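work_33.cif (mmCIF, N, CA and C atoms and all ligand atoms)
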```cif
data_final
loop_
_atom_site.label_atom_id
_atom_site.label_comp_id
_atom_site.auth_asym_id
_atom_site.auth_seq_id
_atom_site.Cartn_x
_atom_site.Cartn_y
_atom_site.Cartn_z
N MET A 960 -4.28 13.43 -7.48
CA MET A 960 -3.23 14.32 -7.99
C MET A 960 -2.83 13.88 -9.39
N SER A 961 -2.77 14.81 -10.35
CA SER A 961 -2.69 14.43 -11.76
C SER A 961 -1.38 13.76 -12.15
N ASP A 962 -0.27 14.10 -11.49
CA ASP A 962 1.00 13.50 -11.93
C ASP A 962 1.46 12.37 -10.99
N CYS A 963 0.55 11.79 -10.24
CA CYS A 963 0.91 10.73 -9.30
C CYS A 963 0.62 9.36 -9.92
N LEU A 964 1.66 8.51 -9.97
CA LEU A 964 1.52 7.18 -10.56
C LEU A 964 0.40 6.37 -9.90
N PHE A 965 0.37 6.36 -8.58
CA PHE A 965 -0.63 5.52 -7.91
C PHE A 965 -2.03 6.11 -8.06
N CYS A 966 -2.17 7.43 -8.08
CA CYS A 966 -3.49 8.02 -8.36
C CYS A 966 -3.97 7.57 -9.74
N LYS A 967 -3.05 7.48 -10.71
CA LYS A 967 -3.43 7.05 -12.06
C LYS A 967 -3.84 5.58 -12.07
N ILE A 968 -3.13 4.74 -11.32
CA ILE A 968 -3.52 3.32 -11.24
C ILE A 968 -4.90 3.20 -10.58
N ILE A 969 -5.11 3.95 -9.50
CA ILE A 969 -6.39 3.91 -8.78
C ILE A 969 -7.53 4.37 -9.70
N ALA A 970 -7.25 5.38 -10.53
CA ALA A 970 -8.27 5.91 -11.45
C ALA A 970 -8.46 5.03 -12.68
N GLY A 971 -7.61 4.00 -12.85
CA GLY A 971 -7.72 3.13 -14.02
C GLY A 971 -7.08 3.71 -15.27
N GLU A 972 -6.30 4.79 -15.10
CA GLU A 972 -5.65 5.42 -16.26
C GLU A 972 -4.37 4.68 -16.66
N ILE A 973 -3.80 3.95 -15.71
CA ILE A 973 -2.63 3.10 -15.95
C ILE A 973 -3.01 1.72 -15.43
N PRO A 974 -2.67 0.65 -16.17
CA PRO A 974 -3.08 -0.67 -15.70
C PRO A 974 -2.43 -1.05 -14.37
N GLY A 975 -3.20 -1.71 -13.54
CA GLY A 975 -2.68 -2.23 -12.28
C GLY A 975 -3.40 -3.54 -11.98
N ALA A 976 -2.69 -4.46 -11.33
CA ALA A 976 -3.29 -5.77 -11.01
C ALA A 976 -4.02 -5.64 -9.68
N LYS A 977 -5.26 -5.18 -9.75
CA LYS A 977 -6.06 -4.91 -8.55
C LYS A 977 -6.38 -6.21 -7.82
N VAL A 978 -6.22 -6.20 -6.50
CA VAL A 978 -6.64 -7.35 -5.70
C VAL A 978 -7.75 -7.00 -4.73
N TYR A 979 -7.95 -5.71 -4.45
CA TYR A 979 -8.97 -5.32 -3.48
C TYR A 979 -9.33 -3.85 -3.71
N GLU A 980 -10.60 -3.55 -3.53
CA GLU A 980 -11.04 -2.15 -3.61
C GLU A 980 -12.27 -1.98 -2.73
N ASP A 981 -12.32 -0.88 -1.99
CA ASP A 981 -13.57 -0.46 -1.36
C ASP A 981 -13.70 1.04 -1.55
N ASP A 982 -14.57 1.68 -0.82
CA ASP A 982 -14.80 3.12 -1.05
C ASP A 982 -13.54 3.96 -0.88
N GLU A 983 -12.67 3.52 0.03
CA GLU A 983 -11.53 4.38 0.39
C GLU A 983 -10.16 3.76 0.19
N VAL A 984 -10.15 2.46 -0.08
CA VAL A 984 -8.87 1.72 -0.14
C VAL A 984 -8.75 1.02 -1.49
N PHE A 985 -7.52 0.97 -2.01
CA PHE A 985 -7.24 0.29 -3.28
C PHE A 985 -5.96 -0.49 -3.08
N ALA A 986 -5.94 -1.76 -3.52
CA ALA A 986 -4.74 -2.59 -3.38
C ALA A 986 -4.45 -3.30 -4.70
N PHE A 987 -3.16 -3.38 -5.03
CA PHE A 987 -2.75 -3.98 -6.30
C PHE A 987 -1.37 -4.63 -6.13
N ARG A 988 -1.05 -5.52 -7.07
CA ARG A 988 0.22 -6.24 -6.97
C ARG A 988 1.39 -5.33 -7.35
N ASP A 989 2.47 -5.45 -6.55
CA ASP A 989 3.69 -4.71 -6.87
C ASP A 989 4.25 -5.24 -8.19
N ILE A 990 4.66 -4.32 -9.07
CA ILE A 990 5.16 -4.70 -10.40
C ILE A 990 6.51 -5.41 -10.31
N ASN A 991 7.20 -5.24 -9.19
CA ASN A 991 8.53 -5.84 -9.01
C ASN A 991 8.55 -6.59 -7.67
N PRO A 992 7.83 -7.72 -7.61
CA PRO A 992 7.60 -8.37 -6.31
C PRO A 992 8.88 -8.86 -5.64
N GLU A 993 8.94 -8.65 -4.33
CA GLU A 993 10.10 -9.09 -3.54
C GLU A 993 9.76 -10.28 -2.66
N ALA A 994 8.58 -10.85 -2.85
CA ALA A 994 8.15 -12.06 -2.15
C ALA A 994 7.09 -12.69 -3.05
N PRO A 995 6.77 -13.97 -2.83
CA PRO A 995 5.75 -14.60 -3.67
C PRO A 995 4.43 -13.81 -3.72
N VAL A 996 4.06 -13.22 -2.59
CA VAL A 996 2.92 -12.29 -2.58
C VAL A 996 3.46 -10.92 -2.17
N HIS A 997 3.25 -9.92 -3.00
CA HIS A 997 3.71 -8.55 -2.69
C HIS A 997 2.66 -7.59 -3.22
N ILE A 998 1.90 -7.06 -2.27
CA ILE A 998 0.76 -6.20 -2.60
C ILE A 998 0.98 -4.82 -1.99
N LEU A 999 0.55 -3.81 -2.70
CA LEU A 999 0.60 -2.43 -2.20
C LEU A 999 -0.82 -2.00 -1.84
N VAL A 1000 -1.00 -1.54 -0.61
CA VAL A 1000 -2.32 -1.12 -0.14
C VAL A 1000 -2.28 0.39 0.08
N THR A 1001 -3.16 1.09 -0.60
CA THR A 1001 -3.11 2.55 -0.63
C THR A 1001 -4.48 3.17 -0.30
N PRO A 1002 -4.45 4.40 0.21
CA PRO A 1002 -5.71 5.14 0.28
C PRO A 1002 -6.03 5.66 -1.12
N LYS A 1003 -7.32 5.70 -1.46
CA LYS A 1003 -7.69 6.30 -2.75
C LYS A 1003 -7.37 7.79 -2.78
N ALA A 1004 -7.46 8.42 -1.64
CA ALA A 1004 -7.11 9.84 -1.56
C ALA A 1004 -5.59 9.98 -1.61
N HIS A 1005 -5.14 11.06 -2.22
CA HIS A 1005 -3.69 11.28 -2.32
C HIS A 1005 -3.14 11.83 -1.02
N ILE A 1006 -2.45 10.97 -0.29
CA ILE A 1006 -1.69 11.35 0.90
C ILE A 1006 -0.25 10.96 0.57
N GLU A 1007 0.71 11.84 0.79
CA GLU A 1007 2.05 11.56 0.24
C GLU A 1007 2.82 10.51 1.02
N SER A 1008 2.75 10.55 2.34
CA SER A 1008 3.61 9.64 3.10
C SER A 1008 3.10 9.52 4.53
N VAL A 1009 3.77 8.68 5.29
CA VAL A 1009 3.43 8.53 6.71
C VAL A 1009 3.54 9.89 7.42
N ASP A 1010 4.48 10.72 6.98
CA ASP A 1010 4.65 12.05 7.58
C ASP A 1010 3.41 12.93 7.42
N ASP A 1011 2.56 12.59 6.47
CA ASP A 1011 1.40 13.43 6.16
C ASP A 1011 0.11 12.92 6.77
N ILE A 1012 0.24 11.98 7.71
CA ILE A 1012 -0.95 11.49 8.40
C ILE A 1012 -1.21 12.41 9.59
N HIS A 1013 -2.08 13.38 9.37
CA HIS A 1013 -2.44 14.32 10.43
C HIS A 1013 -3.96 14.33 10.54
N GLY A 1014 -4.45 14.38 11.71
CA GLY A 1014 -5.88 14.64 11.90
C GLY A 1014 -6.76 13.46 11.54
N ARG A 1015 -8.05 13.72 11.65
CA ARG A 1015 -9.03 12.65 11.61
C ARG A 1015 -9.18 12.02 10.23
N ASP A 1016 -9.09 12.83 9.17
CA ASP A 1016 -9.33 12.29 7.83
C ASP A 1016 -8.27 11.27 7.45
N GLU A 1017 -7.00 11.64 7.60
CA GLU A 1017 -5.93 10.72 7.23
C GLU A 1017 -5.92 9.51 8.16
N ALA A 1018 -6.16 9.74 9.43
CA ALA A 1018 -6.20 8.61 10.38
C ALA A 1018 -7.30 7.64 10.00
N HIS A 1019 -8.41 8.18 9.51
CA HIS A 1019 -9.52 7.33 9.07
C HIS A 1019 -9.06 6.44 7.91
N PHE A 1020 -8.34 7.01 6.95
CA PHE A 1020 -7.86 6.21 5.82
C PHE A 1020 -6.92 5.10 6.29
N VAL A 1021 -6.07 5.43 7.24
CA VAL A 1021 -5.12 4.43 7.73
C VAL A 1021 -5.87 3.31 8.45
N ALA A 1022 -6.89 3.67 9.21
CA ALA A 1022 -7.69 2.65 9.88
C ALA A 1022 -8.36 1.74 8.84
N LYS A 1023 -8.88 2.34 7.78
CA LYS A 1023 -9.53 1.54 6.73
C LYS A 1023 -8.52 0.63 6.04
N ILE A 1024 -7.31 1.14 5.82
CA ILE A 1024 -6.26 0.32 5.22
C ILE A 1024 -5.97 -0.89 6.10
N PHE A 1025 -5.85 -0.66 7.41
CA PHE A 1025 -5.50 -1.77 8.30
C PHE A 1025 -6.69 -2.68 8.59
N GLU A 1026 -7.88 -2.25 8.26
CA GLU A 1026 -9.02 -3.18 8.26
C GLU A 1026 -8.97 -4.05 7.00
N ALA A 1027 -8.52 -3.45 5.89
CA ALA A 1027 -8.50 -4.18 4.61
C ALA A 1027 -7.37 -5.20 4.58
N ILE A 1028 -6.23 -4.89 5.20
CA ILE A 1028 -5.05 -5.75 5.05
C ILE A 1028 -5.32 -7.21 5.46
N PRO A 1029 -5.93 -7.48 6.60
CA PRO A 1029 -6.18 -8.90 6.94
C PRO A 1029 -7.12 -9.58 5.94
N LYS A 1030 -8.07 -8.83 5.39
CA LYS A 1030 -8.96 -9.42 4.38
C LYS A 1030 -8.16 -9.79 3.14
N ILE A 1031 -7.27 -8.90 2.73
CA ILE A 1031 -6.44 -9.16 1.55
C ILE A 1031 -5.53 -10.36 1.83
N ALA A 1032 -4.91 -10.37 3.00
CA ALA A 1032 -4.00 -11.47 3.36
C ALA A 1032 -4.75 -12.80 3.32
N LYS A 1033 -5.96 -12.80 3.85
CA LYS A 1033 -6.75 -14.04 3.86
C LYS A 1033 -7.06 -14.47 2.43
N SER A 1034 -7.46 -13.53 1.59
CA SER A 1034 -7.83 -13.90 0.22
C SER A 1034 -6.61 -14.33 -0.59
N GLU A 1035 -5.41 -13.92 -0.16
CA GLU A 1035 -4.17 -14.34 -0.83
C GLU A 1035 -3.61 -15.63 -0.23
N GLY A 1036 -4.30 -16.17 0.79
CA GLY A 1036 -3.87 -17.43 1.40
C GLY A 1036 -2.68 -17.31 2.33
N LEU A 1037 -2.49 -16.12 2.89
CA LEU A 1037 -1.33 -15.91 3.77
C LEU A 1037 -1.66 -16.38 5.18
N VAL A 1038 -1.88 -17.69 5.31
CA VAL A 1038 -2.38 -18.23 6.58
C VAL A 1038 -1.30 -18.29 7.65
N SER A 1039 -0.04 -18.30 7.26
CA SER A 1039 1.00 -18.39 8.31
C SER A 1039 1.74 -17.07 8.50
N GLY A 1040 1.15 -15.99 8.07
CA GLY A 1040 1.70 -14.68 8.40
C GLY A 1040 2.12 -13.87 7.19
N TYR A 1041 2.44 -12.63 7.49
CA TYR A 1041 2.86 -11.69 6.44
C TYR A 1041 3.50 -10.49 7.12
N ARG A 1042 4.17 -9.66 6.34
CA ARG A 1042 4.85 -8.47 6.87
C ARG A 1042 4.25 -7.23 6.22
N VAL A 1043 4.09 -6.16 6.99
CA VAL A 1043 3.57 -4.89 6.48
C VAL A 1043 4.65 -3.83 6.67
N ILE A 1044 5.00 -3.15 5.58
CA ILE A 1044 6.08 -2.16 5.62
C ILE A 1044 5.62 -0.88 4.92
N ALA A 1045 5.97 0.26 5.50
CA ALA A 1045 5.77 1.54 4.81
C ALA A 1045 7.11 2.26 4.77
N ASN A 1046 7.62 2.51 3.57
CA ASN A 1046 8.84 3.31 3.43
C ASN A 1046 8.45 4.78 3.49
N ASN A 1047 9.22 5.55 4.26
CA ASN A 1047 8.91 6.97 4.43
C ASN A 1047 10.18 7.79 4.22
N GLY A 1048 10.20 8.56 3.12
CA GLY A 1048 11.31 9.49 2.90
C GLY A 1048 12.56 8.85 2.33
N PRO A 1049 13.59 9.69 2.11
CA PRO A 1049 14.79 9.26 1.37
C PRO A 1049 15.56 8.11 2.01
N ASP A 1050 15.77 8.12 3.32
CA ASP A 1050 16.56 7.03 3.91
C ASP A 1050 15.87 5.67 3.71
N ALA A 1051 14.56 5.68 3.65
CA ALA A 1051 13.81 4.44 3.44
C ALA A 1051 13.58 4.17 1.95
N HIS A 1052 14.08 5.06 1.09
CA HIS A 1052 13.94 4.90 -0.37
C HIS A 1052 12.48 4.84 -0.82
N GLN A 1053 11.66 5.68 -0.20
CA GLN A 1053 10.29 5.80 -0.71
C GLN A 1053 10.38 6.35 -2.12
N SER A 1054 9.90 5.56 -3.10
CA SER A 1054 10.04 5.97 -4.50
C SER A 1054 8.75 6.53 -5.08
N VAL A 1055 7.62 6.23 -4.47
CA VAL A 1055 6.34 6.77 -4.95
C VAL A 1055 5.72 7.57 -3.81
N ARG A 1056 5.48 8.85 -4.08
CA ARG A 1056 4.99 9.75 -3.03
C ARG A 1056 3.45 9.72 -2.96
N HIS A 1057 2.93 8.51 -2.81
CA HIS A 1057 1.51 8.29 -2.49
C HIS A 1057 1.55 7.18 -1.44
N LEU A 1058 1.05 7.49 -0.25
CA LEU A 1058 1.13 6.57 0.87
C LEU A 1058 0.74 5.15 0.46
N HIS A 1059 1.58 4.20 0.83
CA HIS A 1059 1.26 2.79 0.52
C HIS A 1059 1.93 1.89 1.54
N PHE A 1060 1.27 0.79 1.80
CA PHE A 1060 1.79 -0.22 2.72
C PHE A 1060 2.08 -1.47 1.90
N HIS A 1061 3.32 -1.93 1.97
CA HIS A 1061 3.70 -3.18 1.30
C HIS A 1061 3.21 -4.33 2.17
N VAL A 1062 2.50 -5.28 1.59
CA VAL A 1062 2.12 -6.52 2.28
C VAL A 1062 2.88 -7.64 1.59
N LEU A 1063 3.77 -8.27 2.36
CA LEU A 1063 4.67 -9.29 1.81
C LEU A 1063 4.40 -10.62 2.49
N GLY A 1064 4.39 -11.69 1.71
CA GLY A 1064 4.18 -13.00 2.30
C GLY A 1064 4.29 -14.10 1.27
N GLY A 1065 3.88 -15.28 1.70
CA GLY A 1065 3.92 -16.43 0.80
C GLY A 1065 5.17 -17.27 0.96
N CYS A 1066 6.04 -16.89 1.91
CA CYS A 1066 7.24 -17.68 2.24
C CYS A 1066 7.70 -17.24 3.63
N ASP A 1067 8.71 -17.94 4.17
CA ASP A 1067 9.31 -17.50 5.42
C ASP A 1067 10.12 -16.24 5.12
N LEU A 1068 9.73 -15.10 5.68
CA LEU A 1068 10.35 -13.82 5.36
C LEU A 1068 11.62 -13.55 6.17
N GLY A 1069 11.97 -14.46 7.05
CA GLY A 1069 13.16 -14.26 7.88
C GLY A 1069 12.82 -13.48 9.13
N ALA A 1070 13.71 -13.56 10.11
CA ALA A 1070 13.44 -12.94 11.42
C ALA A 1070 13.70 -11.44 11.41
N LYS A 1071 14.55 -10.97 10.49
CA LYS A 1071 14.91 -9.55 10.48
C LYS A 1071 14.13 -8.79 9.43
N VAL A 1072 13.86 -7.53 9.69
CA VAL A 1072 13.16 -6.71 8.72
C VAL A 1072 14.10 -6.34 7.57
N LEU A 1073 15.36 -6.10 7.87
CA LEU A 1073 16.34 -5.72 6.84
C LEU A 1073 17.28 -6.87 6.56
P1 LIG A 1101 8.35 2.46 -2.27
O1 LIG A 1101 9.78 2.28 -2.69
O2 LIG A 1101 8.07 2.04 -0.87
O3 LIG A 1101 7.84 3.85 -2.60
O4 LIG A 1101 7.51 1.43 -3.14
C1 LIG A 1101 7.04 1.70 -4.43
C2 LIG A 1101 6.71 0.37 -5.03
O5 LIG A 1101 5.91 0.60 -6.19
C3 LIG A 1101 7.94 -0.44 -5.50
O6 LIG A 1101 8.00 -1.67 -4.78
C4 LIG A 1101 7.69 -0.63 -6.98
O7 LIG A 1101 8.07 -1.91 -7.44
C5 LIG A 1101 6.20 -0.41 -7.10
N1 LIG A 1101 5.73 0.06 -8.39
C6 LIG A 1101 6.25 1.04 -9.17
N2 LIG A 1101 5.53 1.22 -10.29
C7 LIG A 1101 4.50 0.33 -10.22
C8 LIG A 1101 3.41 0.01 -11.07
N3 LIG A 1101 3.21 0.64 -12.23
N4 LIG A 1101 2.55 -0.97 -10.68
C9 LIG A 1101 2.75 -1.64 -9.52
N5 LIG A 1101 3.76 -1.37 -8.67
C10 LIG A 1101 4.63 -0.42 -9.01
ZN ZN A 1102 -1.49 9.90 -5.54
#
```

In structure tokens, how does this file's structure come out?
Ligand code: AMP
Ligand code: ZN
Amino acid sequence: MSDCLFCKIIAGEIPGAKVYEDDEVFAFRDINPEAPVHILVTPKAHIESVDDIHGRDEAHFVAKIFEAIPKIAKSEGLVSGYRVIANNGPDAHQSVRHLHFHVLGGCDLGAKVL
């Protein structure tokens, strides 16, 4: 999608600190990290949010993302764990309407999600 920030990062039109890429998945460092390791894992295809995961195609992308996440975590040295979060919609303050999973780690993240 032409006016999507993450589509532009994936296409290399805007710089991004890439940490992983395969045919369908792209991952890069969050520009405003909230943990020592904070990576955004996205489908290369433009899917807006968790609400838009319908049918086999989108489910396939999500499966590929969750196959990639442990590989990324391992390569980032997250040996004692990490947290995966997807913000969806206004109450969750989703600010970029291209599906992405935050992978956070590199310290004790605390027992609570919020
Ligand atoms: P969310 O609020 O869940 O939509 O998350 C969007 C994330 O994208 C935020 O954590 C931002 O810090 C991050 N972000 C925004 N612009 C960029 C960028 N140009 N490169 C990397 N991360 C970004
Ligand atoms: Zn997009």

request  = Determine which residues of chain A DSSP labels as strand (DSSP E or B) from the backbone of this structure, then write them out as an NGL selection string.
outcome  = :A and (977-980 or 984-988 or 996-1002 or 1041-1044 or 1060-1064)

For those residues, write N, CA and C atoms to a file as a PDB file, keeping the file's coordinate frame.
```pdb
ATOM      1  N   LYS A 977      -5.260  -5.180  -9.750  1.00  0.00           N
ATOM      2  CA  LYS A 977      -6.060  -4.910  -8.550  1.00  0.00           C
ATOM      3  C   LYS A 977      -6.380  -6.210  -7.820  1.00  0.00           C
ATOM      4  N   VAL A 978      -6.220  -6.200  -6.500  1.00  0.00           N
ATOM      5  CA  VAL A 978      -6.640  -7.350  -5.700  1.00  0.00           C
ATOM      6  C   VAL A 978      -7.750  -7.000  -4.730  1.00  0.00           C
ATOM      7  N   TYR A 979      -7.950  -5.710  -4.450  1.00  0.00           N
ATOM      8  CA  TYR A 979      -8.970  -5.320  -3.480  1.00  0.00           C
ATOM      9  C   TYR A 979      -9.330  -3.850  -3.710  1.00  0.00           C
ATOM     10  N   GLU A 980     -10.600  -3.550  -3.530  1.00  0.00           N
ATOM     11  CA  GLU A 980     -11.040  -2.150  -3.610  1.00  0.00           C
ATOM     12  C   GLU A 980     -12.270  -1.980  -2.730  1.00  0.00           C
ATOM     13  N   VAL A 984     -10.150   2.460  -0.080  1.00  0.00           N
ATOM     14  CA  VAL A 984      -8.870   1.720  -0.140  1.00  0.00           C
ATOM     15  C   VAL A 984      -8.750   1.020  -1.490  1.00  0.00           C
ATOM     16  N   PHE A 985      -7.520   0.970  -2.010  1.00  0.00           N
ATOM     17  CA  PHE A 985      -7.240   0.290  -3.280  1.00  0.00           C
ATOM     18  C   PHE A 985      -5.960  -0.490  -3.080  1.00  0.00           C
ATOM     19  N   ALA A 986      -5.940  -1.760  -3.520  1.00  0.00           N
ATOM     20  CA  ALA A 986      -4.740  -2.590  -3.380  1.00  0.00           C
ATOM     21  C   ALA A 986      -4.450  -3.300  -4.700  1.00  0.00           C
ATOM     22  N   PHE A 987      -3.160  -3.380  -5.030  1.00  0.00           N
ATOM     23  CA  PHE A 987      -2.750  -3.980  -6.300  1.00  0.00           C
ATOM     24  C   PHE A 987      -1.370  -4.630  -6.130  1.00  0.00           C
ATOM     25  N   ARG A 988      -1.050  -5.520  -7.070  1.00  0.00           N
ATOM     26  CA  ARG A 988       0.220  -6.240  -6.970  1.00  0.00           C
ATOM     27  C   ARG A 988       1.390  -5.330  -7.350  1.00  0.00           C
ATOM     28  N   VAL A 996       4.060 -13.220  -2.590  1.00  0.00           N
ATOM     29  CA  VAL A 996       2.920 -12.290  -2.580  1.00  0.00           C
ATOM     30  C   VAL A 996       3.460 -10.920  -2.170  1.00  0.00           C
ATOM     31  N   HIS A 997       3.250  -9.920  -3.000  1.00  0.00           N
ATOM     32  CA  HIS A 997       3.710  -8.550  -2.690  1.00  0.00           C
ATOM     33  C   HIS A 997       2.660  -7.590  -3.220  1.00  0.00           C
ATOM     34  N   ILE A 998       1.900  -7.060  -2.270  1.00  0.00           N
ATOM     35  CA  ILE A 998       0.760  -6.200  -2.600  1.00  0.00           C
ATOM     36  C   ILE A 998       0.980  -4.820  -1.990  1.00  0.00           C
ATOM     37  N   LEU A 999       0.550  -3.810  -2.700  1.00  0.00           N
ATOM     38  CA  LEU A 999       0.600  -2.430  -2.200  1.00  0.00           C
ATOM     39  C   LEU A 999      -0.820  -2.000  -1.840  1.00  0.00           C
ATOM     40  N   VAL A1000      -1.000  -1.540  -0.610  1.00  0.00           N
ATOM     41  CA  VAL A1000      -2.320  -1.120  -0.140  1.00  0.00           C
ATOM     42  C   VAL A1000      -2.280   0.390   0.080  1.00  0.00           C
ATOM     43  N   THR A1001      -3.160   1.090  -0.600  1.00  0.00           N
ATOM     44  CA  THR A1001      -3.110   2.550  -0.630  1.00  0.00           C
ATOM     45  C   THR A1001      -4.480   3.170  -0.300  1.00  0.00           C
ATOM     46  N   PRO A1002      -4.450   4.400   0.210  1.00  0.00           N
ATOM     47  CA  PRO A1002      -5.710   5.140   0.280  1.00  0.00           C
ATOM     48  C   PRO A1002      -6.030   5.660  -1.120  1.00  0.00           C
ATOM     49  N   TYR A1041       2.440 -12.630   7.490  1.00  0.00           N
ATOM     50  CA  TYR A1041       2.860 -11.690   6.440  1.00  0.00           C
ATOM     51  C   TYR A1041       3.500 -10.490   7.120  1.00  0.00           C
ATOM     52  N   ARG A1042       4.170  -9.660   6.340  1.00  0.00           N
ATOM     53  CA  ARG A1042       4.850  -8.470   6.870  1.00  0.00           C
ATOM     54  C   ARG A1042       4.250  -7.230   6.220  1.00  0.00           C
ATOM     55  N   VAL A1043       4.090  -6.160   6.990  1.00  0.00           N
ATOM     56  CA  VAL A1043       3.570  -4.890   6.480  1.00  0.00           C
ATOM     57  C   VAL A1043       4.650  -3.830   6.670  1.00  0.00           C
ATOM     58  N   ILE A1044       5.000  -3.150   5.580  1.00  0.00           N
ATOM     59  CA  ILE A1044       6.080  -2.160   5.620  1.00  0.00           C
ATOM     60  C   ILE A1044       5.620  -0.880   4.920  1.00  0.00           C
ATOM     61  N   PHE A1060       1.270   0.790   1.800  1.00  0.00           N
ATOM     62  CA  PHE A1060       1.790  -0.220   2.720  1.00  0.00           C
ATOM     63  C   PHE A1060       2.080  -1.470   1.900  1.00  0.00           C
ATOM     64  N   HIS A1061       3.320  -1.930   1.970  1.00  0.00           N
ATOM     65  CA  HIS A1061       3.700  -3.180   1.300  1.00  0.00           C
ATOM     66  C   HIS A1061       3.210  -4.330   2.170  1.00  0.00           C
ATOM     67  N   VAL A1062       2.500  -5.280   1.590  1.00  0.00           N
ATOM     68  CA  VAL A1062       2.120  -6.520   2.280  1.00  0.00           C
ATOM     69  C   VAL A1062       2.880  -7.640   1.590  1.00  0.00           C
ATOM     70  N   LEU A1063       3.770  -8.270   2.360  1.00  0.00           N
ATOM     71  CA  LEU A1063       4.670  -9.290   1.810  1.00  0.00           C
ATOM     72  C   LEU A1063       4.400 -10.620   2.490  1.00  0.00           C
ATOM     73  N   GLY A1064       4.390 -11.690   1.710  1.00  0.00           N
ATOM     74  CA  GLY A1064       4.180 -13.000   2.300  1.00  0.00           C
ATOM     75  C   GLY A1064       4.290 -14.100   1.270  1.00  0.00           C
TER      76      GLY A1064
END
```

task = Write out as a ChimeraX atom specification the residues lying within 6.5 Å of segment 967-977 of chain A, counting all atoms listed in the file and excluding same-chain residues fewer than 2 positions away.
result = /A:963-965,979,986-988

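For the pair atom ZN of ligand ZN 1102 (chain A) and atom CA of Leu1037 of chain A, the interatomic distance is 27.4 Å.
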
request  = Pick out the residues sitting within 7 Å of segment 1004-1009 of chain A, and hand them over as a PyMOL selection string; count only C-alpha atoms, and ignore anything fewer than 5 positions along from it in its own chain.
outcome  = chain A and resi 960+966+1047+1056-1058

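Among A:Asp989, A:Glu983, A:Asp1016, A:Glu1035, the residue with the shortest atom-to-atom distance to ligand LIG 1101 (chain A), counting only N, CA and C atoms and all ligand atoms, is A:Asp989.
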
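Of the residues under consideration (A:Val1072, A:Gly1065, A:Gln1053, A:Asp981), A:Gly1065 shows the shortest atom-to-atom contact distance to Val1038 of chain A when counting only N, CA and C atoms.
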
message = Under the rule that all atoms listed in the file are counted, which of A:Gly1014, A:Gly1064, A:Pro1029, A:Gly1048 is the nearest residue to ligand LIG 1101 (chain A)?
response = A:Gly1048

request  = Mind giving me the straight-line distance from atom CA of Asp1050 of chain A to atom CA of Ile1024 of chain A in Å, one decimal?
outcome  =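 One can read the atom CA of Asp1050 of chain A to atom CA of Ile1024 of chain A distance as 23.8 Å.
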
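Closest to Lys1023 of chain A among A:Gly1036, A:Gly1069, A:Pro995, A:Pro1002 is A:Pro1002, based on only N, CA and C atoms.
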
key: For ligand ZN 1102 (chain A), the nearest of the candidates A:Phe1025, A:Val996, A:Lys1003, A:Val978, counting only N, CA and C atoms and all ligand atoms   =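 Going through A:Phe1025, A:Val996, A:Lys1003, A:Val978 one by one, the smallest distance to ligand ZN 1102 (chain A) is for A:Lys1003.
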